[in-house]
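Contents: one structure, followed by commentary.
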Protein chains: 4
Amino acid sequence: MAQGTPSVRVQAAEGADQPERTPELDALYRTFEQQLLIPLWTEIGELMPPQPSSRAVPHLWRWTELLPAAEQAGRLVPVGRGGERRAIALANPGLGGRPFATPTLWAAIQYLNPGEDAPVHRHTQNAFRFVVEGEGVWTVVNGDPVAMRRGDFLPQAGWNWHGHHNRSDRAMAWIDGLDIPFQHYTEATFFEFGPDQVEIREAAERSRSERLWGHPGLRPLTRLRPEPATPLLAYRWEHTDHALAEQLALEAEGHPVTVEPGHAAVRYTNPTTGGDVLPTLRTEFHRLAPYTETSARREVGSSVFQVFDGSGRVTVGGSSWTVERGDLFVVPSWQPLTLASEAGIDLFRFTDAPIFERLGLHRCNQEGAHA
Amino acid sequence: MAQGTPSVRVQAAEGADQPERTPELDALYRTFEQQLLIPLWTEIGELMPPQPSSRAVPHLWRWTELLPAAEQAGRLVPVGRGGERRAIALANPGLGGRPFATPTLWAAIQYLNPGEDAPVHRHTQNAFRFVVEGEGVWTVVNGDPVAMRRGDFLPQAGWNWHGHHNRSDRAMAWIDGLDIPFQHYTEATFFEFGPDQVEIREAAERSRSERLWGHPGLRPLTRLRPEPATPLLAYRWEHTDHALAEQLALEAEGHPVTVEPGHAAVRYTNPTTGGDVLPTLRTEFHRLAPYTETSARREVGSSVFQVFDGSGRVTVGGSSWTVERGDLFVVPSWQPLTLASEAGIDLFRFTDAPIFERLGLHRCNQEGAHA
Amino acid sequence: MAQGTPSVRVQAAEGADQPERTPELDALYRTFEQQLLIPLWTEIGELMPPQPSSRAVPHLWRWTELLPAAEQAGRLVPVGRGGERRAIALANPGLGGRPFATPTLWAAIQYLNPGEDAPVHRHTQNAFRFVVEGEGVWTVVNGDPVAMRRGDFLPQAGWNWHGHHNRSDRAMAWIDGLDIPFQHYTEATFFEFGPDQVEIREAAERSRSERLWGHPGLRPLTRLRPEPATPLLAYRWEHTDHALAEQLALEAEGHPVTVEPGHAAVRYTNPTTGGDVLPTLRTEFHRLAPYTETSARREVGSSVFQVFDGSGRVTVGGSSWTVERGDLFVVPSWQPLTLASEAGIDLFRFTDAPIFERLGLHRCNQEGAHA
Amino acid sequence: MAQGTPSVRVQAAEGADQPERTPELDALYRTFEQQLLIPLWTEIGELMPPQPSSRAVPHLWRWTELLPAAEQAGRLVPVGRGGERRAIALANPGLGGRPFATPTLWAAIQYLNPGEDAPVHRHTQNAFRFVVEGEGVWTVVNGDPVAMRRGDFLPQAGWNWHGHHNRSDRAMAWIDGLDIPFQHYTEATFFEFGPDQVEIREAAERSRSERLWGHPGLRPLTRLRPEPATPLLAYRWEHTDHALAEQLALEAEGHPVTVEPGHAAVRYTNPTTGGDVLPTLRTEFHRLAPYTETSARREVGSSVFQVFDGSGRVTVGGSSWTVERGDLFVVPSWQPLTLASEAGIDLFRFTDAPIFERLGLHRCNQEGAHA
């Protein structure tokens, strides 16, 4: 192979020294362009930063704006085959106008009028619903109708048939979380249409999945193998609320069961493995006692929080907001997060952490602290 | 090495042909004996049978005999340091007068008078208690008092400090299950004494472990790693009963969730893994609808059953008994088992199956049917 | 919540019916824009296609063009701190001018003149080198110098210090593969500088890692735990070649050990787990006997192949090329691939399959066929 | 339930205080006997010792006695269907005259005259062969003939068909290791006869399994799933010897790769998992440099060692022997072991450690030191 005397470098804007531009180098760069080649040395500043430098930015969406917009969509936009869902997504201002809350996470408000159906389909994207207020809609998963009520968390693993039906006489809104941006970017998405209406028009208060799986520590003998996603389709508010209240009570009795003083938290898990409910999504619920402030936490991967109840102050990197019931905010990768309550605050959280943990890429400034 | 002309074989009593006895062979056998050597060819019939040929035999212990014997021990035998427990073990008649229900499993009735303490100790043996009747005793595990009541299952993983205290004004009896014979044979046992009395004299109805872990699908954020044994120290009857009733109700609605028609069953599991509660012991609860008969099942490893409620007929290999509340029976390795109910029957079961599954030695004539 | 009469839908360009544009709807869409909201119904066609629809396109880079471009860079562009590597990346024409071979994979030719050092650094990106020709460079990983020679595969797990040094009197080129695009998109990248020159200036033919780990089926007693990436830093050509030759020989003797007739293949694995060498990257070597054609394979996730020896015809989706030694080509997600040899062909392959397998998103039209 | 005043305890021989014998207590004990019940308090001393108290004793069998006994058996005892193998087992003097080296492990010398066949059978017991001297026998596993030569380790997972054939003109002896006592005790054994002679009469120097699996870090694409036991049927001496020599050489160069100074060791592993070769048996090879002494190690579970080469001094609990090539000795559970070399010593070791590790019962006084 040939060799020669490389020219002197000059400092380039993006951090890395760049070779001095000469006619020969310009010619080489043109050759690169023609051959669909790009050198590392012109790109390294962006591609290999010292730590994650998220394009996503911290941002807050207020429920008092989000819900009226969804209500207006309920008046103007039908729901049906093709559009599939009356869902309106949070679009992070750093992500170029895409409907992505973070590079990996989709977060949307979905709205269904009385009597409406969101048609049945299935897709490889993992999904869930979380209900900050209202009730009356059943999500029907593989023929199992699951009632949705305030405080409930309803996971929906990829490639299961599902539709929604509002049996009540009131409209209902809730939050959808999915891994749409991740699967879109990595090009893993499959999608199929099912019936235009959900097959089950009558529904019990308790889904079959809850009747089979909702007993702590007990598994049916017919379902003993690990399953990739949770078979339990509803995590009811009464259990979440109770678990959090007990953590704070045990802390008050002197037992170190909380994340940090005044900070109770549970993770929703797959009872067949003890791990995350969905292969790409982690979901948690956090409760801060009155006038509690968390220590700053930074973590590889991004999160979306929704305030479920109470109020407080949230600081993400350089942004800080007072938040109230229903407000949603985004924590980009490696941005420090602090939560502070007023008279107490309850927050639902979802993240892409399983992606990083399963690939050996997870990092946290409090490693080991919570696990 | 030397070689020669081996002598002709003769049929031996134990199945394998044996070489004809000659003075030279007798001399060789004496040499073997002196050198602490034993040939395979004289032992193979016993060591390598075509299928497991259990020394343990099917046997039934009646509660109507067992409980009075325990009560009499309550009058005559103190409980305290040294003897440790007023526990009386089932001794399988095939196992040479050892206190072993099967080659791997210990099953005993334990009895505690009002006000008595079973002193604190810990051991590597995995253990549990199951309560067929009564209440009033608290088992205190690492300082966490756990009330014991009819129908409750209380696992106790190896190497945790534990003692029992009867706070009530009535004596109480329950069943202990352990892997004592297995650990005795394989020589894995460690044991340590703790205080002579349990440290906690007052007790709540609900243990701290239940308050922390007893919420279906929810984990505290401070305990996210898999744990080798369940952190949930009480599996209450109300949940077990409810789970079984729901299985039969779902079956009646047309959903195939039972083991076989009219046969509901749950396995007690570790919420941090979805697997068995204890590394060496599997525990289950079975309910047969009225006038239901199970198909014959045979499995490597042994089981002990206790009738919790109802009555029926049990057939194990060539033995068959009518059974009632509290009766205990043993199913040796690879013996076929059939259960048949009269007006319905509820059975608690424990087995050594995790040992065989973890070592790749498990076999069942219904492989895949229940899993 | 409010409700109303949604307007009639009209067919939209991207597939999903769209609601008829009215002044009210236009106003709602402006509200969405102000509030950083985007509806699903305008985006679903792109976000939820029936199957993966890759932006990356099948493309071929010829070694006869690639190597001269690298040689010219060797003359004109210095290597050193800041730019870090004289690496020139394949830029897939479908990916908007980014230096990404596929949405997840980086593939580059790297070039080092005699006596040059590529400075020491570490990063969370997983990497490897594969050598299609030449020798003389040592890659030094955590102080262990690893010689690079034709046919060798040299994995380099994330967050290990590494640099390269050319001790010979000839320039050398090789191929780098990394998960840069994946970690860039998901924002997981950390990076640190080490010394400007590799610390070890003298090098043995065999790395310490090979001396410790390069014995089939044998592990040092000091390294018994599973490790997230392979501790073996060189997979030498003699072993790969031998393994492939044996597969074809065994096939000729009548044993079904090949992927399909005439198609031998090995996967490079982590000896501490038997799994992929790196958490995000799978690497394989394929050999086709003369005049052999593979069946069409499509798989979620993308691949890059390099022809190591021989020649043949490659068909990826609608593209088809005759390929020769050193040529590199890209197979986007879910595009069918067929390989056909002339007098035989050897191919190195790397893919992002571990990402999809670990997240439950892997699919292949030959599921189970190769595993 | 009834209650009363328990009588005063008296000290009993086996350690635990015993209740004073009264006519009533004697009557209760007779009731127990009739009802097949045994109290814990009379047995606890034996069943729950403070640490494992092995019935097996340290013992040494000298090769200079063992081999002649096997040779004489070769003259006097035929090998064939029924007896199956001319194998002579080590019978630990503490184990009541059973052919068990330890409570879990079988170790035997097997001997085959020129031209003889050990007939084909299969069994659930896991097995291996290790060759301290000689060659000429092929073990044929599922139709794959595997040559046996000095220093080779040949694993044989449960339930594979296998027989042996001596193609040479010399007798050959080797060591068999199995989990017969464990499976006998736990009653997990299945056994089937195959043909009376091995089906393959001609044999290559290299088995098919080696040709497919014997390439470090490379797996065939047709065998990608984890397998419960190693698919590699021969671990050749040249690799073992080389790996150990390299460890000592690396140590001499300043790299901490040995267990302790002068003590090199490898574990034989399953290339599909990185774990033990067999589900119940661990096998290792240890080399001590000249005049090296190991630190005392005690471990739950038992081991058998065979001296492969060199000589030294072995201390197990209170026993100590000078050992030479071929000598076999037993280390019972929790007995401390020290090895000391003269001009160097090579030792093959097998243990039941996987049983304890998989069941959460493993303990070692050097926890973490070797892993």
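Lettering and numbering for the structure tokens are positional, with chains as A, B, ... in the shown order, residues counted from 1 in each chain, and ligands counted from 1 in the shown order.
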- Task: Check the DSSP output for the backbone and give back, as a ChimeraX atom specification, the residues of stretch 134-304 of chain D in helix (DSSP H, G or I).
- Result: /D:180-186,208-213,237-252
Using only C-alpha atoms, find each residue in chain A having at least one atom no more than 9 Å away from chain B; report its shortest atom-to-atom pair and that distance in Å (one decimal), rows by chain then rising number, as a Markdown table.
| residue | atom | partner | partner_atom | distance |
| --- | --- | --- | --- | --- |
| A:Arg208 | CA | B:Leu250 | CA | 7.5 |
| A:Arg211 | CA | B:Glu246 | CA | 5.9 |
| A:Leu212 | CA | B:Gln247 | CA | 6.6 |
| A:Trp213 | CA | B:Ala243 | CA | 8.1 |
| A:Gly214 | CA | B:Pro216 | CA | 5.7 |
| A:His215 | CA | B:His239 | CA | 5.9 |
| A:Pro216 | CA | B:Pro216 | CA | 4.4 |
| A:Gly217 | CA | B:Thr269 | CA | 5.0 |
| A:Leu218 | CA | B:Tyr268 | CA | 4.9 |
| A:Arg219 | CA | B:Arg267 | CA | 5.2 |
| A:Pro220 | CA | B:Val266 | CA | 4.5 |
| A:Leu221 | CA | B:Val266 | CA | 5.3 |
| A:Thr222 | CA | B:His370 | CA | 4.8 |
| A:Arg223 | CA | B:Ala371 | CA | 5.5 |
| A:Leu224 | CA | B:Ala371 | CA | 4.7 |
| A:Arg225 | CA | B:Ala371 | CA | 6.1 |
| A:Pro226 | CA | B:Gly274 | CA | 7.3 |
| A:Thr230 | CA | B:Gly217 | CA | 8.8 |
| A:Leu232 | CA | B:Gly217 | CA | 8.0 |
| A:Tyr235 | CA | B:Gly217 | CA | 7.4 |
| A:His239 | CA | B:His215 | CA | 5.9 |
| A:Thr240 | CA | B:Leu218 | CA | 7.3 |
| A:His242 | CA | B:His215 | CA | 8.0 |
| A:Ala243 | CA | B:His215 | CA | 6.4 |
| A:Leu244 | CA | B:Pro220 | CA | 8.7 |
| A:Glu246 | CA | B:Arg211 | CA | 5.9 |
| A:Gln247 | CA | B:Leu212 | CA | 6.6 |
| A:Leu250 | CA | B:Arg208 | CA | 7.5 |
| A:Pro256 | CA | B:Thr222 | CA | 8.9 |
| A:Val257 | CA | B:Thr222 | CA | 6.4 |
| A:Thr258 | CA | B:Thr222 | CA | 6.5 |
| A:Val259 | CA | B:Thr222 | CA | 5.9 |
| A:Ala264 | CA | B:Pro220 | CA | 8.0 |
| A:Ala265 | CA | B:Leu221 | CA | 5.6 |
| A:Val266 | CA | B:Pro220 | CA | 4.5 |
| A:Arg267 | CA | B:Arg219 | CA | 5.2 |
| A:Tyr268 | CA | B:Leu218 | CA | 4.9 |
| A:Thr269 | CA | B:Gly217 | CA | 5.0 |
| A:Asn270 | CA | B:Gly217 | CA | 6.3 |
| A:Pro271 | CA | B:Gly217 | CA | 5.6 |
| A:Thr272 | CA | B:Gly274 | CA | 4.4 |
| A:Thr273 | CA | B:Thr273 | CA | 4.5 |
| A:Gly274 | CA | B:Thr272 | CA | 4.4 |
| A:Gly275 | CA | B:Thr273 | CA | 7.5 |
| A:Val277 | CA | B:Gly217 | CA | 8.7 |
| A:Glu284 | CA | B:Leu221 | CA | 8.6 |
| A:Ala369 | CA | B:Thr222 | CA | 7.5 |
| A:His370 | CA | B:Thr222 | CA | 4.8 |
| A:Ala371 | CA | B:Leu224 | CA | 4.7 |
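Relative to atom CA of A:Val132, atom CA of A:Phe191 is found at 28.0 Å.
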- Message: Quick check for you: according to DSSP on this backbone, which residues of stretch 231-352 of chain C are classed as strand (DSSP E)? Reply as JSON, numbers by chain.
- Response: {"C": [263, 264, 265, 266, 267, 268, 282, 283, 284, 285, 286, 287, 288, 303, 304, 305, 306, 307, 308, 309, 310, 311, 312, 313, 314, 315, 316, 319, 320, 321, 322, 323, 328, 329, 330, 331, 337, 338, 339, 340, 341, 342, 343, 344, 345, 346, 347, 348, 349, 350, 351]}
Could you please take those selected residues and save C-alpha atoms as a CSV table (one decimal), in the first residue's frame?
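Contents of the output file out.csv:
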chain,number,residue,atom,x,y,z
C,263,HIS,CA,-23.6,-23.6,2.8
C,264,ALA,CA,-21.3,-23.8,5.8
C,265,ALA,CA,-21.4,-21.1,8.5
C,266,VAL,CA,-20.0,-20.3,12.0
C,267,ARG,CA,-21.0,-17.7,14.5
C,268,TYR,CA,-18.3,-16.0,16.6
C,282,ARG,CA,-23.5,-10.5,15.8
C,283,THR,CA,-20.7,-11.7,13.6
C,284,GLU,CA,-20.5,-14.7,11.4
C,285,PHE,CA,-18.5,-16.3,8.6
C,286,HIS,CA,-20.2,-18.0,5.7
C,287,ARG,CA,-18.7,-20.3,3.1
C,288,LEU,CA,-20.5,-21.4,-0.1
C,303,SER,CA,-26.4,-6.7,7.9
C,304,VAL,CA,-23.2,-5.7,6.3
C,305,PHE,CA,-21.2,-8.4,4.4
C,306,GLN,CA,-17.6,-8.3,3.2
C,307,VAL,CA,-16.4,-10.8,0.6
C,308,PHE,CA,-13.3,-12.4,2.0
C,309,ASP,CA,-12.4,-14.6,-0.9
C,310,GLY,CA,-13.9,-16.0,-4.1
C,311,SER,CA,-16.6,-14.5,-6.1
C,312,GLY,CA,-20.3,-14.8,-6.8
C,313,ARG,CA,-23.6,-13.0,-7.2
C,314,VAL,CA,-25.5,-11.3,-4.5
C,315,THR,CA,-29.2,-10.3,-4.7
C,316,VAL,CA,-30.7,-8.0,-2.1
C,319,SER,CA,-30.5,-5.1,-6.4
C,320,SER,CA,-28.1,-7.7,-7.7
C,321,TRP,CA,-24.3,-7.5,-8.1
C,322,THR,CA,-21.4,-9.7,-9.0
C,323,VAL,CA,-19.0,-9.4,-6.0
C,328,LEU,CA,-18.9,-4.7,1.0
C,329,PHE,CA,-22.6,-4.7,0.7
C,330,VAL,CA,-25.6,-3.8,2.9
C,331,VAL,CA,-28.8,-5.8,3.5
C,337,LEU,CA,-31.0,-11.8,0.5
C,338,THR,CA,-29.7,-14.5,-1.8
C,339,LEU,CA,-26.0,-15.5,-2.2
C,340,ALA,CA,-24.7,-17.5,-5.1
C,341,SER,CA,-21.1,-18.7,-5.5
C,342,GLU,CA,-19.1,-19.2,-8.6
C,343,ALA,CA,-16.0,-21.3,-7.8
C,344,GLY,CA,-16.8,-20.8,-4.1
C,345,ILE,CA,-17.1,-17.7,-1.9
C,346,ASP,CA,-16.2,-16.8,1.6
C,347,LEU,CA,-18.1,-14.0,3.4
C,348,PHE,CA,-17.8,-12.2,6.7
C,349,ARG,CA,-21.1,-10.9,8.0
C,350,PHE,CA,-22.1,-8.6,10.9
C,351,THR,CA,-25.5,-7.6,12.0
- Query: Got a sec: who's within 7 Å of stretch 203-205 of chain B, counting only C-alpha atoms, leaving out chain neighbours fewer than 2 positions off, as a count of residues only?
  - Reply: 4
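Computed from the coordinates, the atom CA of C:Gln110 to atom CA of C:Ile355 distance equals 25.3 Å.
If only C-alpha atoms are the atoms counted, then among C:Thr104, C:Asn142, C:Gln18, C:Thr31 the closest residue to A:Glu84 is C:Gln18.
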Report as a JSON list (two decimals) with C-alpha atoms, in the first residue's frame all protein, DNA and RNA residues lying within 8 Å of D:Phe130, evaluated on only C-alpha atoms, omitting residues in the same chain fewer than 4 positions from it.
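Produced file selection_2.json, reproduced below:
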[["chain", "number", "residue", "atom", "x", "y", "z"],
["D", 151, "GLY", "CA", -4.82, -37.00, 29.16],
["D", 152, "ASP", "CA", -8.11, -36.86, 27.30],
["D", 153, "PHE", "CA", -11.33, -35.97, 29.07],
["D", 154, "LEU", "CA", -14.46, -37.42, 27.44],
["D", 174, "TRP", "CA", -9.42, -45.63, 32.23],
["D", 175, "ILE", "CA", -11.46, -43.87, 34.87],
["D", 176, "ASP", "CA", -15.23, -43.48, 34.73]]
- Task: Might you pull out every residue within 10 Å of C:Pro39, with only C-alpha atoms counted and same-chain residues fewer than 4 positions away left off, and present them as a ChimeraX atom specification?
- Result: /A:70,73,83,85-91,99,108-110 /C:29,32,43-44
- So how far away is atom CA of A:Leu25 from atom CA of C:Glu71, in Å? 12.4 Å
- Note on the structure: Of C:Asp26, C:Glu293, C:Glu299, C:Asp144, the one sitting nearest C:Gly262 when using only C-alpha atoms is C:Glu293
- Distance query D:Ser168 at most 9 Å, only C-alpha atoms, self and fewer than 4 positions along chain excluded, as a ChimeraX atom specification: /D:113-115,135-137,172
Would you save the residues of that selection, restricted to C-alpha atoms, as a compact mmCIF listing (two decimals), in the first residue's frame?
# COMPACT_ATOMS: atom_id res chain seq x y z
CA ASN D 113 -9.31 -56.28 26.47
CA PRO D 114 -8.22 -56.12 22.84
CA GLY D 115 -11.17 -56.59 20.51
CA GLU D 135 -5.02 -45.74 24.24
CA GLY D 136 -6.76 -47.90 21.68
CA VAL D 137 -10.38 -47.73 22.82
CA MET D 172 -6.78 -50.42 28.07
- Message: Which residues are near A:Ser53? Cut-off 9 Å, only C-alpha atoms, ignore same chain within fewer than 3 positions. Put them as a VMD selection string.
- Response: (chain A and resid 46 49 to 50 56 332 to 335) or (chain C and resid 187 to 189)
